[in-house]
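File shown here: final.txt, holding compact mmCIF, C-alpha atoms and all ligand atoms.
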# COMPACT_ATOMS: atom_id res chain seq x y z
CA MET M 16 -16.87 -54.92 32.67
CA SER M 17 -17.63 -57.56 30.06
CA HIS M 18 -20.31 -56.98 27.44
CA GLU M 19 -22.60 -59.42 29.31
CA GLN M 20 -22.70 -56.92 32.17
CA GLN M 21 -23.82 -54.06 29.98
CA PRO M 22 -26.95 -52.25 31.23
CA GLU M 23 -29.99 -53.02 29.09
CA SER M 24 -30.97 -49.41 28.46
CA VAL M 25 -29.21 -46.05 28.39
CA VAL M 26 -31.02 -42.71 28.36
CA ILE M 27 -29.04 -39.61 27.45
CA VAL M 28 -30.43 -36.25 28.53
CA GLY M 29 -29.29 -33.34 26.35
CA ALA M 30 -28.47 -33.60 22.65
CA GLY M 31 -25.48 -31.30 22.35
CA VAL M 32 -21.97 -32.40 21.44
CA ALA M 33 -21.56 -34.43 24.65
CA GLY M 34 -24.98 -36.08 24.40
CA TRP M 35 -24.71 -37.01 20.76
CA ARG M 36 -21.10 -38.19 21.02
CA ALA M 37 -22.12 -40.43 23.92
CA ALA M 38 -24.80 -42.04 21.74
CA ARG M 39 -22.41 -42.59 18.85
CA ASP M 40 -19.61 -43.92 21.01
CA LEU M 41 -21.88 -46.29 22.92
CA ARG M 42 -22.50 -48.04 19.61
CA GLY M 43 -18.87 -47.61 18.60
CA ALA M 44 -17.86 -49.45 21.78
CA GLY M 45 -20.22 -52.33 21.00
CA TYR M 46 -23.09 -51.41 23.29
CA GLY M 47 -26.07 -53.54 22.25
CA GLY M 48 -28.91 -52.31 24.48
CA THR M 49 -31.43 -49.56 23.77
CA VAL M 50 -30.22 -45.96 23.53
CA THR M 51 -32.64 -43.05 23.85
CA VAL M 52 -31.59 -39.42 23.54
CA ILE M 53 -33.90 -36.85 25.12
CA GLY M 54 -33.09 -33.38 23.87
CA ASP M 55 -35.03 -30.14 23.61
CA GLU M 56 -33.20 -29.34 20.36
CA ALA M 57 -31.85 -31.37 17.43
CA PRO M 58 -28.10 -31.97 17.78
CA TYR M 59 -25.99 -29.22 16.23
CA ASP M 60 -22.56 -27.80 16.73
CA ARG M 61 -22.26 -24.62 18.78
CA PRO M 62 -18.79 -23.17 17.94
CA PRO M 63 -19.83 -21.97 14.44
CA LEU M 64 -22.72 -19.96 15.95
CA SER M 65 -20.39 -17.03 16.67
CA LYS M 66 -18.28 -17.63 13.56
CA GLN M 67 -19.26 -19.21 10.21
CA TYR M 68 -22.98 -19.67 11.01
CA LEU M 69 -23.30 -16.09 12.20
CA SER M 70 -21.58 -14.81 9.07
CA GLY M 71 -23.84 -16.96 6.85
CA GLU M 72 -20.97 -19.07 5.51
CA TYR M 73 -22.37 -22.26 7.10
CA ASP M 74 -26.00 -23.36 6.83
CA ASP M 75 -28.05 -25.62 9.14
CA ALA M 76 -26.90 -28.81 7.41
CA ARG M 77 -23.26 -27.87 7.90
CA ILE M 78 -23.62 -27.51 11.66
CA SER M 79 -25.71 -30.64 12.24
CA LEU M 80 -24.00 -33.18 14.47
CA TYR M 81 -25.52 -36.10 12.57
CA ARG M 82 -23.04 -37.93 10.36
CA GLY M 83 -24.25 -39.82 7.29
CA GLU M 84 -27.49 -41.68 8.06
CA GLU M 85 -27.49 -40.90 11.79
CA PRO M 86 -29.53 -41.28 13.93
CA ALA M 87 -31.05 -44.28 12.09
CA SER M 88 -27.68 -45.89 11.37
CA LEU M 89 -26.94 -45.98 15.11
CA ASP M 90 -30.30 -47.48 16.06
CA VAL M 91 -30.77 -44.68 18.56
CA THR M 92 -34.17 -43.21 19.45
CA VAL M 93 -34.16 -39.42 19.54
CA ARG M 94 -37.01 -37.81 21.44
CA GLU M 95 -37.48 -34.08 21.17
CA ALA M 96 -38.58 -33.46 24.75
CA ARG M 97 -37.45 -31.76 27.90
CA ALA M 98 -36.41 -33.71 30.96
CA ALA M 99 -37.68 -32.36 34.27
CA LEU M 100 -35.85 -34.62 36.69
CA VAL M 101 -33.36 -37.46 36.80
CA ARG M 102 -33.06 -40.01 39.56
CA PRO M 103 -31.39 -43.42 39.65
CA GLY M 104 -33.28 -45.65 37.21
CA GLU M 105 -35.52 -43.04 35.58
CA VAL M 106 -35.91 -39.75 33.81
CA ALA M 107 -39.10 -37.75 34.33
CA LEU M 108 -40.13 -35.62 31.34
CA ASP M 109 -41.77 -32.26 31.80
CA ASP M 110 -45.05 -33.62 30.33
CA GLY M 111 -45.29 -36.05 33.25
CA GLU M 112 -44.08 -39.16 31.41
CA THR M 113 -41.35 -41.26 33.03
CA VAL M 114 -38.69 -43.08 31.02
CA ALA M 115 -36.94 -45.98 32.76
CA ALA M 116 -33.19 -46.47 32.23
CA ASP M 117 -30.50 -48.69 33.68
CA ALA M 118 -27.90 -46.00 32.99
CA ILE M 119 -28.47 -42.26 32.51
CA ILE M 120 -26.02 -39.80 30.98
CA VAL M 121 -26.79 -36.15 31.72
CA ALA M 122 -25.28 -33.62 29.29
CA THR M 123 -27.56 -30.62 29.56
CA GLY M 124 -24.90 -27.95 28.94
CA SER M 125 -25.43 -24.27 29.64
CA ALA M 126 -27.55 -21.27 28.77
CA ALA M 127 -26.39 -17.70 28.13
CA ARG M 128 -26.20 -15.66 31.33
CA ARG M 129 -28.66 -12.80 31.19
CA PRO M 130 -28.22 -10.48 34.18
CA ALA M 131 -31.30 -8.63 35.39
CA MET M 132 -29.90 -5.31 34.10
CA LEU M 133 -30.69 -6.51 30.55
CA ASP M 134 -34.38 -7.02 31.37
CA GLY M 135 -36.66 -4.96 29.19
CA HIS M 136 -33.87 -4.06 26.75
CA ASP M 137 -33.40 -5.30 23.23
CA ILE M 138 -30.00 -6.91 23.87
CA PHE M 139 -29.05 -10.17 22.20
CA THR M 140 -27.30 -13.11 23.84
CA LEU M 141 -25.84 -16.08 21.97
CA ARG M 142 -26.07 -19.72 22.93
CA THR M 143 -28.50 -21.44 20.59
CA ARG M 144 -29.01 -21.70 16.85
CA GLU M 145 -32.17 -19.61 17.26
CA ASP M 146 -30.10 -16.91 19.01
CA ALA M 147 -27.59 -16.96 16.15
CA ARG M 148 -30.31 -16.69 13.49
CA ALA M 149 -31.89 -13.73 15.26
CA LEU M 150 -28.55 -11.97 15.72
CA ARG M 151 -27.57 -12.63 12.10
CA ALA M 152 -30.82 -11.10 10.86
CA ALA M 153 -30.33 -8.03 13.07
CA LEU M 154 -26.71 -7.55 11.99
CA ALA M 155 -27.74 -7.71 8.34
CA GLU M 156 -29.85 -4.56 8.85
CA ALA M 157 -27.36 -2.75 11.10
CA GLY M 158 -24.40 -0.41 10.69
CA SER M 159 -23.00 -0.69 14.18
CA LEU M 160 -22.68 -3.26 16.96
CA LEU M 161 -21.97 -2.87 20.64
CA VAL M 162 -20.58 -5.96 22.37
CA LEU M 163 -20.85 -6.09 26.16
CA GLY M 164 -18.25 -8.49 27.53
CA GLY M 165 -14.98 -9.33 25.79
CA GLY M 166 -14.77 -13.06 26.51
CA PHE M 167 -14.61 -15.65 23.73
CA ILE M 168 -18.14 -15.26 22.45
CA GLY M 169 -18.05 -11.45 22.62
CA ALA M 170 -14.68 -11.29 20.85
CA GLU M 171 -15.74 -13.75 18.16
CA VAL M 172 -19.03 -11.97 17.47
CA ALA M 173 -17.09 -8.69 17.28
CA ALA M 174 -14.69 -10.18 14.72
CA THR M 175 -17.51 -11.67 12.63
CA ALA M 176 -19.49 -8.41 12.60
CA ARG M 177 -16.43 -6.28 11.84
CA THR M 178 -15.52 -8.59 8.95
CA ALA M 179 -19.03 -8.00 7.63
CA GLY M 180 -18.32 -4.25 7.68
CA LEU M 181 -20.10 -3.07 10.82
CA ALA M 182 -18.59 -0.49 13.16
CA VAL M 183 -17.92 -2.51 16.33
CA THR M 184 -17.23 -1.47 19.92
CA VAL M 185 -16.43 -3.98 22.67
CA VAL M 186 -16.74 -3.13 26.38
CA GLU M 187 -14.78 -5.34 28.78
CA LEU M 188 -14.41 -5.00 32.54
CA GLN M 189 -10.97 -6.69 32.65
CA PRO M 190 -7.87 -4.78 31.50
CA THR M 191 -7.77 -6.81 28.24
CA LEU M 192 -10.07 -8.87 26.07
CA LEU M 193 -9.99 -12.51 27.19
CA GLY M 194 -7.68 -11.64 30.05
CA GLY M 195 -9.64 -13.85 32.42
CA ALA M 196 -9.44 -16.90 30.16
CA LEU M 197 -6.00 -16.52 28.60
CA GLY M 198 -4.07 -14.09 30.78
CA VAL M 199 -3.11 -10.49 30.12
CA GLU M 200 -0.25 -11.13 27.63
CA CYS M 201 -2.33 -13.37 25.40
CA GLY M 202 -5.27 -11.00 25.81
CA ARG M 203 -3.12 -8.15 24.49
CA ARG M 204 -2.04 -10.29 21.55
CA ILE M 205 -5.70 -10.76 20.59
CA GLU M 206 -6.55 -7.13 21.23
CA ARG M 207 -3.95 -6.04 18.74
CA VAL M 208 -5.65 -8.04 16.00
CA HIS M 209 -8.99 -6.44 16.86
CA ARG M 210 -7.49 -2.96 16.80
CA GLU M 211 -5.74 -3.63 13.47
CA HIS M 212 -9.14 -4.51 12.03
CA GLY M 213 -10.72 -1.36 13.40
CA VAL M 214 -12.64 -2.70 16.41
CA GLU M 215 -12.95 -0.10 19.13
CA LEU M 216 -12.04 -1.53 22.54
CA VAL M 217 -13.19 -0.04 25.83
CA THR M 218 -11.43 -2.08 28.52
CA GLY M 219 -11.05 -1.84 32.27
CA VAL M 220 -14.53 -0.43 32.75
CA GLY M 221 -17.79 -2.14 33.54
CA VAL M 222 -21.37 -1.59 32.47
CA GLU M 223 -23.17 0.35 35.21
CA ARG M 224 -26.71 0.23 33.85
CA LEU M 225 -28.84 0.38 30.75
CA GLU M 226 -31.33 3.10 29.92
CA ALA M 227 -34.03 3.14 27.28
CA ARG M 228 -34.22 6.41 25.37
CA ASP M 229 -36.43 6.87 22.32
CA GLY M 230 -36.58 3.12 21.91
CA ASP M 231 -32.77 2.71 21.94
CA ALA M 232 -30.74 0.95 24.63
CA ILE M 233 -28.13 3.31 26.05
CA VAL M 234 -25.30 1.60 27.89
CA VAL M 235 -23.97 3.68 30.77
CA LEU M 236 -20.46 2.70 31.84
CA ALA M 237 -19.07 2.91 35.37
CA ASP M 238 -16.98 5.95 34.36
CA GLY M 239 -20.08 7.79 33.11
CA ARG M 240 -19.53 7.27 29.39
CA GLU M 241 -22.63 6.45 27.36
CA LEU M 242 -22.58 4.10 24.38
CA SER M 243 -25.19 2.92 21.94
CA ALA M 244 -25.34 1.14 18.60
CA ASP M 245 -27.88 -0.26 16.15
CA VAL M 246 -27.49 -3.70 17.75
CA ALA M 247 -26.13 -4.73 21.14
CA VAL M 248 -25.11 -8.22 22.25
CA ALA M 249 -24.06 -9.35 25.70
CA GLY M 250 -21.43 -12.04 26.25
CA PHE M 251 -21.62 -12.36 30.01
CA GLY M 252 -20.80 -16.05 30.25
CA ALA M 253 -22.97 -19.09 30.78
CA GLU M 254 -25.21 -20.60 33.43
CA LEU M 255 -25.34 -24.36 33.79
CA ASN M 256 -28.58 -26.21 33.03
CA LEU M 257 -28.85 -28.16 36.28
CA GLU M 258 -32.60 -28.13 36.91
CA VAL M 259 -32.85 -31.89 36.38
CA PHE M 260 -30.84 -32.47 39.56
CA ALA M 261 -33.25 -30.48 41.75
CA GLY M 262 -34.57 -32.72 44.47
CA THR M 263 -31.87 -35.37 44.09
CA GLY M 264 -30.11 -34.10 47.20
CA ILE M 265 -26.71 -33.64 45.54
CA ASP M 266 -24.83 -30.34 45.70
CA VAL M 267 -24.42 -28.89 42.19
CA THR M 268 -23.34 -25.37 43.12
CA ALA M 269 -19.93 -25.95 41.47
CA GLY M 270 -21.23 -28.23 38.72
CA VAL M 271 -22.06 -31.93 38.88
CA GLN M 272 -19.38 -33.65 40.95
CA CYS M 273 -18.15 -36.81 39.24
CA ASP M 274 -15.36 -39.35 39.55
CA GLU M 275 -12.72 -39.45 36.80
CA PHE M 276 -14.98 -41.58 34.56
CA GLY M 277 -18.03 -39.31 34.84
CA ARG M 278 -20.02 -41.21 37.49
CA VAL M 279 -22.09 -38.68 39.42
CA GLU M 280 -21.24 -38.84 43.11
CA GLY M 281 -24.24 -39.88 45.18
CA LEU M 282 -26.43 -40.96 42.24
CA PRO M 283 -25.75 -44.59 41.23
CA GLY M 284 -26.18 -45.32 37.52
CA ILE M 285 -26.09 -41.62 36.58
CA TRP M 286 -23.21 -40.06 34.64
CA ALA M 287 -22.48 -36.51 33.55
CA ALA M 288 -20.40 -35.05 30.71
CA GLY M 289 -19.72 -31.70 29.07
CA ASP M 290 -20.15 -28.19 30.40
CA ILE M 291 -22.09 -29.25 33.52
CA ALA M 292 -19.63 -31.92 34.66
CA ALA M 293 -16.88 -31.34 37.24
CA TRP M 294 -14.76 -34.48 36.93
CA HIS M 295 -12.30 -35.47 39.62
CA ASP M 296 -8.82 -34.45 38.50
CA PRO M 297 -6.23 -36.87 39.90
CA VAL M 298 -3.42 -34.33 39.45
CA LEU M 299 -5.09 -31.52 41.38
CA GLY M 300 -7.00 -33.89 43.64
CA GLU M 301 -10.18 -31.91 43.13
CA PRO M 302 -13.02 -31.63 40.63
CA VAL M 303 -12.40 -29.55 37.50
CA ARG M 304 -15.04 -28.27 35.11
CA ARG M 305 -14.25 -26.96 31.62
CA GLU M 306 -16.55 -25.37 29.05
CA HIS M 307 -14.86 -26.55 25.86
CA TRP M 308 -16.14 -28.46 22.85
CA GLN M 309 -13.34 -31.01 22.67
CA VAL M 310 -13.46 -31.75 26.41
CA ALA M 311 -17.24 -32.32 26.21
CA GLY M 312 -16.80 -34.84 23.39
CA GLU M 313 -13.96 -36.69 25.10
CA GLN M 314 -15.79 -36.96 28.40
CA ALA M 315 -18.84 -38.33 26.57
CA SER M 316 -16.64 -40.87 24.85
CA ILE M 317 -15.12 -42.01 28.15
CA VAL M 318 -18.58 -42.35 29.74
CA ALA M 319 -19.88 -44.32 26.73
CA ARG M 320 -16.92 -46.69 26.74
CA THR M 321 -17.10 -47.19 30.49
CA ILE M 322 -20.81 -48.07 30.30
CA ALA M 323 -20.24 -50.37 27.31
CA GLY M 324 -17.36 -52.09 29.07
CA GLY M 325 -14.96 -51.28 26.25
CA PRO M 326 -11.39 -50.02 26.58
CA ILE M 327 -10.94 -46.34 27.37
CA ALA M 328 -8.95 -44.51 24.74
CA LYS M 329 -5.87 -42.69 26.00
CA ARG M 330 -6.93 -39.38 27.51
CA ASN M 331 -5.72 -36.28 25.71
CA PRO M 332 -4.71 -33.05 27.42
CA PRO M 333 -7.48 -30.45 27.29
CA TYR M 334 -7.73 -28.41 24.10
CA PHE M 335 -9.79 -25.46 22.94
CA TRP M 336 -9.65 -22.94 20.17
CA SER M 337 -11.09 -19.63 19.07
CA ASP M 338 -11.22 -18.01 15.63
CA GLN M 339 -11.05 -14.24 15.42
CA PHE M 340 -10.49 -12.60 12.03
CA ASP M 341 -7.79 -14.70 10.34
CA LEU M 342 -6.22 -15.63 13.66
CA LYS M 343 -6.67 -19.12 15.10
CA VAL M 344 -6.00 -19.19 18.85
CA GLN M 345 -5.40 -22.68 20.26
CA VAL M 346 -4.75 -23.67 23.84
CA PHE M 347 -3.42 -27.17 24.43
CA GLY M 348 -2.41 -28.60 27.79
CA ARG M 349 -3.00 -27.42 31.32
CA PRO M 350 -2.12 -23.73 31.76
CA GLU M 351 -3.66 -23.86 35.25
CA LEU M 352 -0.64 -25.89 36.41
CA ALA M 353 1.86 -23.24 35.25
CA ASP M 354 3.86 -21.00 37.55
CA ARG M 355 5.27 -18.83 34.73
CA GLU M 356 4.78 -18.15 31.04
CA GLU M 357 6.81 -16.68 28.21
CA TRP M 358 6.81 -16.22 24.44
CA VAL M 359 8.64 -19.27 23.10
CA SER M 360 8.26 -18.82 19.36
CA GLY M 361 8.11 -15.58 17.48
CA GLU M 362 7.97 -12.24 19.14
CA ASP M 363 4.51 -11.35 20.27
CA VAL M 364 4.38 -8.84 17.45
CA GLU M 365 4.77 -11.46 14.70
CA PRO M 366 1.79 -13.05 12.99
CA GLN M 367 2.52 -16.50 14.37
CA SER M 368 3.47 -16.70 17.99
CA VAL M 369 3.46 -19.25 20.77
CA ARG M 370 3.09 -18.61 24.46
CA GLY M 371 4.57 -21.35 26.62
CA HIS M 372 3.12 -22.12 30.06
CA TYR M 373 5.66 -23.70 32.40
CA CYS M 374 5.51 -25.53 35.69
CA GLY M 375 9.13 -25.37 36.77
CA GLU M 376 11.02 -26.59 33.68
CA HIS M 377 8.03 -28.46 32.27
CA LEU M 378 6.08 -27.04 29.36
CA VAL M 379 2.55 -27.86 30.60
CA ALA M 380 0.62 -25.93 27.93
CA VAL M 381 0.97 -23.75 24.86
CA THR M 382 -1.23 -21.01 23.50
CA THR M 383 -0.62 -20.67 19.77
CA PHE M 384 -1.64 -17.75 17.59
CA GLY M 385 -1.63 -18.24 13.83
CA ILE M 386 -2.21 -21.06 11.40
CA PRO M 387 -3.87 -24.24 12.77
CA ARG M 388 -0.89 -26.50 12.09
CA LEU M 389 1.30 -24.41 14.35
CA LEU M 390 -0.08 -26.39 17.29
CA GLY M 391 0.90 -29.67 15.63
CA GLN M 392 4.54 -28.72 16.01
CA TRP M 393 4.14 -28.26 19.77
CA ARG M 394 1.71 -31.04 20.68
CA PRO M 395 4.23 -33.88 21.19
CA GLN M 396 6.43 -31.73 23.39
CA VAL M 397 3.51 -30.64 25.57
CA ILE M 398 2.23 -34.22 25.92
CA GLU M 399 5.66 -35.50 26.96
CA SER M 400 6.44 -32.61 29.24
CA LEU M 401 2.98 -32.64 30.85
CA ALA M 402 3.34 -36.37 31.56
CA ALA M 403 6.66 -35.71 33.27
CA ALA M 404 5.26 -32.78 35.26
CA THR M 405 2.24 -34.67 36.52
CA ALA M 406 4.16 -37.87 37.28
CA SER M 407 6.49 -36.07 39.69
C1 LIG M 501 -21.40 -19.33 20.41
C2 LIG M 501 -20.48 -20.38 21.00
C3 LIG M 501 -19.23 -20.57 20.45
C4 LIG M 501 -18.35 -21.50 21.01
N1 LIG M 501 -17.13 -21.67 20.43
C5 LIG M 501 -16.26 -22.57 20.96
C6 LIG M 501 -14.97 -22.74 20.39
O1 LIG M 501 -14.60 -22.08 19.42
N2 LIG M 501 -14.14 -23.66 20.96
C7 LIG M 501 -14.51 -24.42 22.05
O2 LIG M 501 -13.71 -25.23 22.52
N3 LIG M 501 -15.74 -24.27 22.60
C8 LIG M 501 -16.62 -23.36 22.09
N4 LIG M 501 -17.86 -23.21 22.65
C9 LIG M 501 -18.22 -24.03 23.83
C10 LIG M 501 -18.79 -25.40 23.41
O3 LIG M 501 -19.72 -25.23 22.38
C11 LIG M 501 -19.42 -26.05 24.62
O4 LIG M 501 -18.38 -26.33 25.55
C12 LIG M 501 -20.16 -27.33 24.25
O5 LIG M 501 -21.24 -27.02 23.42
C13 LIG M 501 -20.64 -28.06 25.48
O6 LIG M 501 -21.35 -29.18 25.07
P1 LIG M 501 -22.47 -29.85 25.98
O7 LIG M 501 -22.95 -31.03 25.18
O8 LIG M 501 -21.96 -30.05 27.35
O9 LIG M 501 -23.63 -28.77 26.12
P2 LIG M 501 -24.53 -28.01 25.05
O10 LIG M 501 -23.82 -27.84 23.76
O11 LIG M 501 -25.02 -26.80 25.75
O12 LIG M 501 -25.75 -29.00 24.81
C14 LIG M 501 -26.68 -29.30 25.83
C15 LIG M 501 -28.02 -29.61 25.18
O13 LIG M 501 -28.92 -30.08 26.19
C16 LIG M 501 -30.18 -29.43 26.04
N5 LIG M 501 -30.90 -29.45 27.33
C17 LIG M 501 -30.66 -28.69 28.44
N6 LIG M 501 -31.51 -29.02 29.42
C18 LIG M 501 -32.30 -30.01 28.94
C19 LIG M 501 -33.38 -30.76 29.49
N7 LIG M 501 -33.80 -30.57 30.75
N8 LIG M 501 -33.97 -31.70 28.71
C20 LIG M 501 -33.54 -31.91 27.44
N9 LIG M 501 -32.53 -31.23 26.86
C21 LIG M 501 -31.92 -30.30 27.61
C22 LIG M 501 -29.77 -28.03 25.61
O14 LIG M 501 -30.85 -27.33 25.03
C23 LIG M 501 -28.68 -28.38 24.59
O15 LIG M 501 -29.24 -28.68 23.33
C24 LIG M 501 -18.76 -22.27 22.13
C25 LIG M 501 -20.02 -22.07 22.69
C26 LIG M 501 -20.88 -21.13 22.14
C27 LIG M 501 -22.25 -20.93 22.75
With the file now loaded, output its structure as structure tokens.
Amino acid sequence: MSHEQQPESVVIVGAGVAGWRAARDLRGAGYGGTVTVIGDEAPYDRPPLSKQYLSGEYDDARISLYRGEEPASLDVTVREARAALVRPGEVALDDGETVAADAIIVATGSAARRPAMLDGHDIFTLRTREDARALRAALAEAGSLLVLGGGFIGAEVAATARTAGLAVTVVELQPTLLGGALGVECGRRIERVHREHGVELVTGVGVERLEARDGDAIVVLADGRELSADVAVAGFGAELNLEVFAGTGIDVTAGVQCDEFGRVEGLPGIWAAGDIAAWHDPVLGEPVRREHWQVAGEQASIVARTIAGGPIAKRNPPYFWSDQFDLKVQVFGRPELADREEWVSGEDVEPQSVRGHYCGEHLVAVTTFGIPRLLGQWRPQVIESLAAATAS
């Protein structure tokens, strides 16, 4: 597409990392039309909410997504508003106003899942900056924390609270922390760090129900055990914010189905990026959705460049990270393509270790545990090997 064919106006719905990156990269790619961002919050970064923002190390300014004089320097209009509906050519706001747009980018992200069993109980969840502020204030007054769900957010909150000196217990249904996301071996590697720091882990057992006794929430486990603490937080995963697609006729039960540039199937002129977006994966031949910060930003960048008619930067393999105590966990590549895995560097008992994920002889991903630059040593090999694996 040449710049003469650029749409005259772009409206971005959702001002998270995908939404804001799309705005910045539209201008970066030479897009000259009007850009409006409609978001129900100011743009900020979510990963620190369970880490440095929760601990108090980072303040609001540090987690803002605005760089320098943004948004003014980008000539982007930011409207703090909630979109009710998108359809080709327009976005309807929940106050009844309609905003016309030649191209629409939807990046509405997710909300914390809050199962009905939590109703009526004083149990925190963590998705927004407001959630993090409230949890931080509660932890400051507390001596103990109960974490329900040992996924990334649960494990990170546990590490942050334990570092602050609280007694912490984590309950996880799977046999290990993070077993679902990283596999049992890597889950055990992370568990060891938690145990070394004194976190109590209750794994392989689910939460049966919650009871309120004398104003306290008592968590009853499936094996009959009862747990309680000064503060409880649930990390039960996320639910996608897909309300704006209601009535469009497209099926969003598995996320918003898109081609490999983010065009939403069945809705001309509408694009999706970030947590909500299931982009066609040419290797698997099916849509894939990922809930990772770096993927959200890259997808937004690809959408922005496609709309602006600029060149698409080379696509990087997926990447995500997690920080727990002094351990940085990084996953680079495509572990979902692997048929076996093994420790390739360091025994799993050493402070820095690398788990290799193989498809046949090809190293299609690594999970590194230790200092951040450890991944740098493995990146080129994974990129090369992944290219060979997916070409064949
Ligand atoms: C506590 C926490 C820690 C995390 N840590 C990591 C990490 O260490 N590493 C990693 O890779 N990933 C991490 N993630 C995941 C990562 O933050 C997400 O993948 C990323 O934020 C997704 O970006 P997004 O722009 O798609 O959505 P979001 O960040 O959810 O942003 C969407 C925005 O759209 C707004 N919105 C929704 N509906 C509407 C509407 N109708 N109208 C207007 N605005 C709307 C939302 O309020 C929100 O502001 C973490 C997530 C959380 C919650």
- Message: Could you list, as a PyMOL selection string, all protein and nucleic acid residues with an atom at most 6 Å from ligand LIG 501 (chain M), counting all atoms listed in the file?
- Response: chain M and resi 28-34+53-56+61-62+64-65+96-99+122-125+141-142+168+256+259+289-290+306-309+311+335-337
- Message: At a cut-off of 12 Å around the point (-32.4, -2.7, 23.9) (file coordinates), what residues fall inside when counting only C-alpha atoms? I'd like the answer as a PyMOL selection string.
- Response: chain M and resi 132-140+160-161+224-234+242-249
- Judged by all atoms listed in the file, the minimum distance to Arg278 in chain M among M:Leu378, M:Val52, M:Ala170, M:Ile119 is found for M:Ile119
- Which one of M:Gly348, M:Gly284, M:Ala406, M:Glu223 sits closest to Pro297 in chain M if you count all atoms listed in the file? M:Ala406
- Item | Spatial neighbours of Gly166 in chain M, 8 Å, all atoms listed in the file, chain gap at least 6 places, as a PyMOL selection string | chain M and resi 192-193+195-196+250-252
- Proximity to Trp35 in chain M - best of M:Ala404, M:Val106, M:Leu150, M:Val91, all atoms listed in the file: M:Val91
- Task: Have a look at CA of Gln392 in chain M and CA of Val369 in chain M and let me know their distance in Å, one decimal.
- Result: 10.7 Å
- Query: Hey, which of M:Leu352, M:Leu197, M:Ala38, M:Val217 ends up closest to Arg370 in chain M? Count all atoms listed in the file.
  - Reply: M:Leu197
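Residue nearest Gly219 in chain M, chosen from M:Leu342, M:Leu181, M:Ile386, M:Ala237 and counting only C-alpha atoms: M:Ala237.
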- Task: Please identify all polymer residues within 9 Å of His377 in chain M, counting only C-alpha atoms, omitting same-chain residues fewer than 6 positions from it, and present them as a list in words.
- Result: Ala353, Val397, Ser400, Leu401, Ala403 and Ala404 of chain M
Around all the atoms of range 303-316 of chain M listed in the file, with 4 Å of room on each side, what axis-aligned box do you get, giving centre and edge lengths in Å to one decimal, as AutoDock Vina command-line options?
--center_x -15.6 --center_y -33.1 --center_z 30.1 --size_x 14.4 --size_y 23.5 --size_z 22.8
- Between CA of Leu257 in chain M and CA of Leu188 in chain M, distance in Å (one decimal):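 CA of Leu188 in chain M lies at a distance of 27.5 Å from CA of Leu257 in chain M.
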- Message: At a cut-off of 6 Å, using only C-alpha atoms, what residues contact Val25 in chain M? Leave out same-chain residues fewer than 5 positions from it and give the result as number ranges by chain.
- Response: M: 50, 116, 118-119
- Task: Find the residue from M:Glu105, M:Glu206, M:Glu187, M:Glu200 that sits nearest to Leu236 in chain M; use all atoms listed in the file when measuring.
- Result: M:Glu187
- Can you work out the spacing between CA of Trp358 in chain M and CA of Pro387 in chain M in Å, to one decimal?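 Computing the Euclidean distance for CA of Trp358 in chain M and CA of Pro387 in chain M yields 17.7 Å.
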